[in-house]
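Here's the structure, in structure tokens; my notes come after.
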Amino acid sequence: MLHQVIGMQDAAVVKCDVDALFAQAFVQAGIGAWTCDLADNTLAWTPGVYDIFGLAKTDRLDRRDIVKLYDDQSREIMERLRADAIMHGRPFEMEAQIVRPDGERRWMRLRADVVRENGRHSRLFGLKQDITDEKQRWDALRSLAERDPLTGLANRARYEDLFLNGSRAQPGVTPLGALLLIDLDNFKQINDQFGHAAGDACLKMVGQRLASAFADAPLVARIGGDEFAVLSHADASPPALKAQVARLLASLARPIAWQGQTLVLGASAGIGFATDPYCYDADDLFAIADKALYAAKGAGRNAIIVGNAQIRAFPHDFGLEIGAHHGIRP
């Protein structure tokens with residue numbers, strides 16, 4: 001009998017040690033468990049969740065206050081998934097960004113499931129894990145994969161993913177004002193006369209000037225050897241955008257110093273404006289801008305052409321007048 005009692009005590013000690021080990025491992029991994037009573041929204045957390053949110057273990061938990069720590073987009077998604085889970089009993093998982101009380105931003109992976117008792121959904125429970133470091137590593141890798149190594153701009157793969165593949169051409173996405181296509185003038189002559197090192201130096205400078213001219217644009221990309229694309233915001237008016245492009249072309253026309261040589265480039269631009277910023281056909285919009293660019297190349301160097309929905313171009317567009325007034329044309 002005594003041996004049985006001692007054995008039971010040893011088992012309890014082992015179980016206690018294992019529980020403590022698991023708890024410690026969860027904390028080190030940035031993982032915490034949580035539950036929410038749906039009757040009154042009472043929250044219960046393990047220490048790991050307090051750590052994720054940057055709260056003290058003695059802090060009072062009020063769901064209304066905790067929800068405010070989610071950033072706006074994450075809060076909207078979380079509340080929508082939560083409502084669906086409560087209604088249909090479906091588990092969900094998401095990545096959410098939170099802002100701690102001290103202002104630090106963190107990312108966490110949220111997993112949730114539903115407990116059904118007495119014929120109703122009574123409780124949500126799940127895990128929360130801090131994935132900030134993981135997110136930063138993946139963002140860094142993705143940035144490398146999506147960047148043109150020479151100019152530092154987005155590369156063609158990123159451009160196609162964001163625009164040509166039609167991922168933006170759906171209602172409710174971030175609105176788009178226009179697609180701007182830019183092609184360098186005299187680039188082949190510089191390569192032929194001074195070599196590819198000079199051409200690379202020109203492309204690097206063009207990348208810097210493009211990034212500076214459209215610092216707030218959703219996308220500035222190098223999509224070919226000497227071809228570039230810019231996606232503009234919907235809130236920019238057509239005259240304002242054309243004036244901005246004219247200033248860009250004036251910037252690109254400035255001489256580039258390279259190994260004692262003065263390299264002179266120019267650029268032509270075609271613009272396609274989205275008739276509906278929230279829902280447009282990416283292929284059609286590209287065709288409009290591309291046709292306008294082709295017309296700008298034919299109209300002379302440092303020209304801007306705006307295409308219309310019928311994929312025509314206007315050689316005497318307002319943009320050309322801006323170019324002439326700024327002395328862009330040779």
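Residues are named by chain letter and number: chains run A, B, ... in the order of the structure tokens, numbers start at 1 in each chain, and ligands are numbered from 1 in the order shown.
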Sorted per-residue table, segment 106-174 of chain A near segment 84-92 of chain A, closest atoms and distance, 12 Å, only C-alpha atoms, as a tab-separated table:
```
residue	atom	partner	partner_atom	distance
A:Arg109	CA	A:Phe92	CA	10.7
A:Leu110	CA	A:Phe92	CA	8.2
A:Arg111	CA	A:Phe92	CA	6.0
A:Ala112	CA	A:Phe92	CA	5.4
A:Asp113	CA	A:Pro91	CA	4.2
A:Val114	CA	A:Gly89	CA	5.8
A:Val115	CA	A:Gly89	CA	8.0
A:Arg116	CA	A:Gly89	CA	7.9
A:Glu117	CA	A:Gly89	CA	11.6
A:Gly119	CA	A:Gly89	CA	11.5
A:Arg120	CA	A:Ile86	CA	9.3
A:His121	CA	A:Ile86	CA	6.5
A:Ser122	CA	A:Ile86	CA	8.6
A:Arg123	CA	A:Ile86	CA	8.6
A:Leu124	CA	A:Ile86	CA	8.0
A:Phe125	CA	A:Pro91	CA	9.6
A:Gly126	CA	A:Pro91	CA	9.2
A:Leu127	CA	A:Phe92	CA	11.0
```
Export C-alpha atoms of the chosen residues as a JSON list (two decimals), in the first residue's frame?
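Output file out-v5.json follows:
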```
[["chain", "number", "residue", "atom", "x", "y", "z"],
["A", 109, "ARG", "CA", -0.87, 34.09, -35.54],
["A", 110, "LEU", "CA", -4.35, 33.60, -34.11],
["A", 111, "ARG", "CA", -6.05, 30.20, -34.08],
["A", 112, "ALA", "CA", -9.60, 29.77, -32.83],
["A", 113, "ASP", "CA", -12.16, 27.00, -32.44],
["A", 114, "VAL", "CA", -15.67, 26.79, -30.99],
["A", 115, "VAL", "CA", -17.04, 24.78, -28.08],
["A", 116, "ARG", "CA", -20.66, 23.70, -28.38],
["A", 117, "GLU", "CA", -22.54, 22.94, -25.15],
["A", 119, "GLY", "CA", -27.06, 22.89, -28.18],
["A", 120, "ARG", "CA", -25.34, 26.27, -28.48],
["A", 121, "HIS", "CA", -21.88, 27.67, -29.11],
["A", 122, "SER", "CA", -20.73, 28.65, -25.65],
["A", 123, "ARG", "CA", -17.03, 29.39, -25.86],
["A", 124, "LEU", "CA", -14.18, 30.28, -28.20],
["A", 125, "PHE", "CA", -10.69, 29.00, -27.45],
["A", 126, "GLY", "CA", -7.36, 28.67, -29.18],
["A", 127, "LEU", "CA", -3.73, 29.74, -29.41]]
```
Members of segment 122-322 of chain A assigned helix (DSSP H, G or I) by DSSP, as JSON, numbers by chain = {"A": [132, 133, 134, 135, 136, 137, 138, 139, 140, 141, 142, 143, 144, 145, 156, 157, 158, 159, 160, 161, 162, 163, 164, 187, 188, 189, 190, 191, 192, 193, 194, 196, 197, 198, 199, 200, 201, 202, 203, 204, 205, 206, 207, 208, 209, 210, 211, 212, 213, 238, 239, 240, 241, 242, 243, 244, 245, 246, 247, 248, 249, 250, 251, 252, 282, 283, 284, 285, 286, 287, 288, 289, 290, 291, 292, 293, 294, 295, 296, 297, 298, 299, 318, 319, 320, 321, 322]}
key: Separation of atom CA of Gly270 of chain A from atom CA of Lys291 of chain A in Å   =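 For atom CA of Lys291 of chain A relative to atom CA of Gly270 of chain A, the distance reads 7.4 Å.
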ask   = Which one of A:Ala292, A:Phe187, A:Arg222, A:Cys279 sits closest to Gly266 of chain A if you count only C-alpha atoms?
value =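 Using only C-alpha atoms, the shortest distance to Gly266 of chain A belongs to A:Phe187.
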Sort by chain and increasing residue number a table of all residues of segment 151-227 of chain A within 8 Å of segment 250-259 of chain A, each with its closest pair of atoms and their distance in Å to one decimal, counting only C-alpha atoms, and write it as CSV.
```
residue,atom,partner,partner_atom,distance
A:Ala198,CA,A:Trp258,CA,6.9
A:Ala201,CA,A:Trp258,CA,7.4
A:Cys202,CA,A:Ile256,CA,7.0
A:Met205,CA,A:Ile256,CA,7.8
A:Val206,CA,A:Leu252,CA,6.5
A:Arg209,CA,A:Ser251,CA,6.9
```
Quick one: write out the picked residues with N, CA, C and O atoms as a short mmCIF file (atom, residue, chain, number, x, y, z; two decimals), in the first residue's frame?
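This went into part.cif:
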```
data_model
loop_
_atom_site.label_atom_id
_atom_site.label_comp_id
_atom_site.auth_asym_id
_atom_site.auth_seq_id
_atom_site.Cartn_x
_atom_site.Cartn_y
_atom_site.Cartn_z
N ALA A 198 28.31 51.50 -68.54
CA ALA A 198 27.71 52.83 -68.61
C ALA A 198 26.19 52.72 -68.62
O ALA A 198 25.49 53.50 -67.97
N ALA A 201 24.99 52.11 -65.14
CA ALA A 201 25.04 53.34 -64.35
C ALA A 201 23.84 54.22 -64.65
O ALA A 201 23.25 54.83 -63.75
N CYS A 202 23.44 54.26 -65.92
CA CYS A 202 22.26 55.04 -66.30
C CYS A 202 21.00 54.46 -65.68
O CYS A 202 20.14 55.19 -65.16
N MET A 205 20.69 55.33 -62.04
CA MET A 205 20.27 56.71 -61.82
C MET A 205 18.80 56.89 -62.18
O MET A 205 18.06 57.62 -61.48
N VAL A 206 18.36 56.25 -63.26
CA VAL A 206 16.94 56.32 -63.63
C VAL A 206 16.08 55.76 -62.51
O VAL A 206 15.04 56.32 -62.16
N ARG A 209 15.80 58.35 -59.75
CA ARG A 209 14.96 59.49 -60.11
C ARG A 209 13.49 59.09 -60.19
O ARG A 209 12.61 59.87 -59.81
#
```
Could you build a table of the residues in segment 87-150 of chain A lying no more than 8 Å from segment 69-81 of chain A, giving for each the nearest pair of atoms and their separation in Å rounded to one decimal place, using only C-alpha atoms, ordered by chain and ascending residue number, as a tab-separated table?
```
residue	atom	partner	partner_atom	distance
A:Phe92	CA	A:Leu81	CA	6.8
A:Met94	CA	A:Met78	CA	7.6
A:Glu95	CA	A:Ser74	CA	7.8
A:Ala96	CA	A:Ser74	CA	5.1
A:Gln97	CA	A:Asp71	CA	5.9
A:Ile98	CA	A:Tyr70	CA	4.3
A:Val99	CA	A:Leu69	CA	5.3
A:Arg100	CA	A:Leu69	CA	6.3
A:Pro101	CA	A:Leu69	CA	7.6
```
Could you turn the residues from that selection into a file that holds C-alpha atoms, as a PDB file, in the first residue's frame?
```pdb
ATOM      1  CA  PHE A  92     -10.399  29.926 -38.193  1.00  0.00           C
ATOM      2  CA  MET A  94      -5.328  34.420 -39.336  1.00  0.00           C
ATOM      3  CA  GLU A  95      -2.282  36.636 -38.969  1.00  0.00           C
ATOM      4  CA  ALA A  96      -2.986  39.871 -37.134  1.00  0.00           C
ATOM      5  CA  GLN A  97      -1.000  42.991 -36.387  1.00  0.00           C
ATOM      6  CA  ILE A  98      -1.368  44.528 -32.944  1.00  0.00           C
ATOM      7  CA  VAL A  99      -0.108  47.738 -31.373  1.00  0.00           C
ATOM      8  CA  ARG A 100       0.992  47.306 -27.770  1.00  0.00           C
ATOM      9  CA  PRO A 101       0.188  49.951 -25.173  1.00  0.00           C
TER      10      PRO A 101
END
```
ask   = Arg64 of chain A: which residues within 12 Å, counting only C-alpha atoms, same-chain residues fewer than 2 positions away excluded, as a count of residues only?
value = 14
task = Apply DSSP to the structure's backbone, then extract all residues of segment 58-157 of chain A labelled strand (DSSP E) and return them as a PyMOL selection string.
result = chain A and resi 92-99+105-117+120-130
key: Spatial neighbours of Ala217 of chain A, 12 Å, only C-alpha atoms, chain gap at least 2 places, as an MDAnalysis selection string   = chainID A and resid 153:154 174:180 210:215 219:221 229:236 241 244
message = I'd like the interatomic distance between atom CA of Leu248 of chain A and atom CA of Ile182 of chain A, to a tenth of an Å.
response =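 Atom CA of Ile182 of chain A lies 10.2 Å from atom CA of Leu248 of chain A.
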ask   = Neighbours of Leu203 of chain A within 10 Å (only C-alpha atoms; same-chain residues fewer than 4 positions away dropped), as an MDAnalysis selection string?
value = chainID A and resid 150:151 184 187 197:199 207:209 222 225:227
request  = Return the single residue from A:Gly48, A:Pro149, A:Pro239, A:Gly195 that is closest to Ala33 of chain A, with distances computed using only C-alpha atoms.
outcome  =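 Between A:Gly48, A:Pro149, A:Pro239, A:Gly195, the residue approaching Ala33 of chain A most closely is A:Gly48.
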inquiry  = With only C-alpha atoms as the counted atoms, please give the residues lying no more than 9 Å from segment 137-145 of chain A, apart from itself and same-chain residues fewer than 4 positions off, as number ranges by chain.
reply    = A: 132-133, 149, 154-155, 157-158
Atoms kept (N, CA, C and O atoms) for selection, written as a CSV table (one decimal), in the first residue's frame:
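And here's part_11.csv as it stands now:
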```
chain,number,residue,atom,x,y,z
A,132,THR,N,6.4,37.9,-35.0
A,132,THR,CA,7.0,39.1,-35.5
A,132,THR,C,8.3,38.8,-36.2
A,132,THR,O,8.6,39.3,-37.3
A,133,ASP,N,9.2,38.1,-35.6
A,133,ASP,CA,10.5,37.8,-36.2
A,133,ASP,C,10.3,37.0,-37.5
A,133,ASP,O,11.0,37.2,-38.5
A,149,PRO,N,17.7,43.8,-58.8
A,149,PRO,CA,18.9,44.0,-58.1
A,149,PRO,C,19.7,45.2,-58.6
A,149,PRO,O,20.5,45.8,-57.9
A,154,ALA,N,10.9,47.6,-57.8
A,154,ALA,CA,10.2,46.3,-57.9
A,154,ALA,C,10.5,45.7,-59.3
A,154,ALA,O,10.8,46.4,-60.3
A,155,ASN,N,10.5,44.4,-59.3
A,155,ASN,CA,10.9,43.7,-60.6
A,155,ASN,C,9.6,43.3,-61.3
A,155,ASN,O,8.5,43.6,-60.9
A,157,ALA,N,8.3,40.4,-61.9
A,157,ALA,CA,7.5,39.4,-61.2
A,157,ALA,C,6.5,40.1,-60.2
A,157,ALA,O,5.3,39.8,-60.1
A,158,ARG,N,7.0,41.1,-59.5
A,158,ARG,CA,6.2,41.9,-58.5
A,158,ARG,C,5.1,42.7,-59.3
A,158,ARG,O,3.9,42.7,-58.9
```
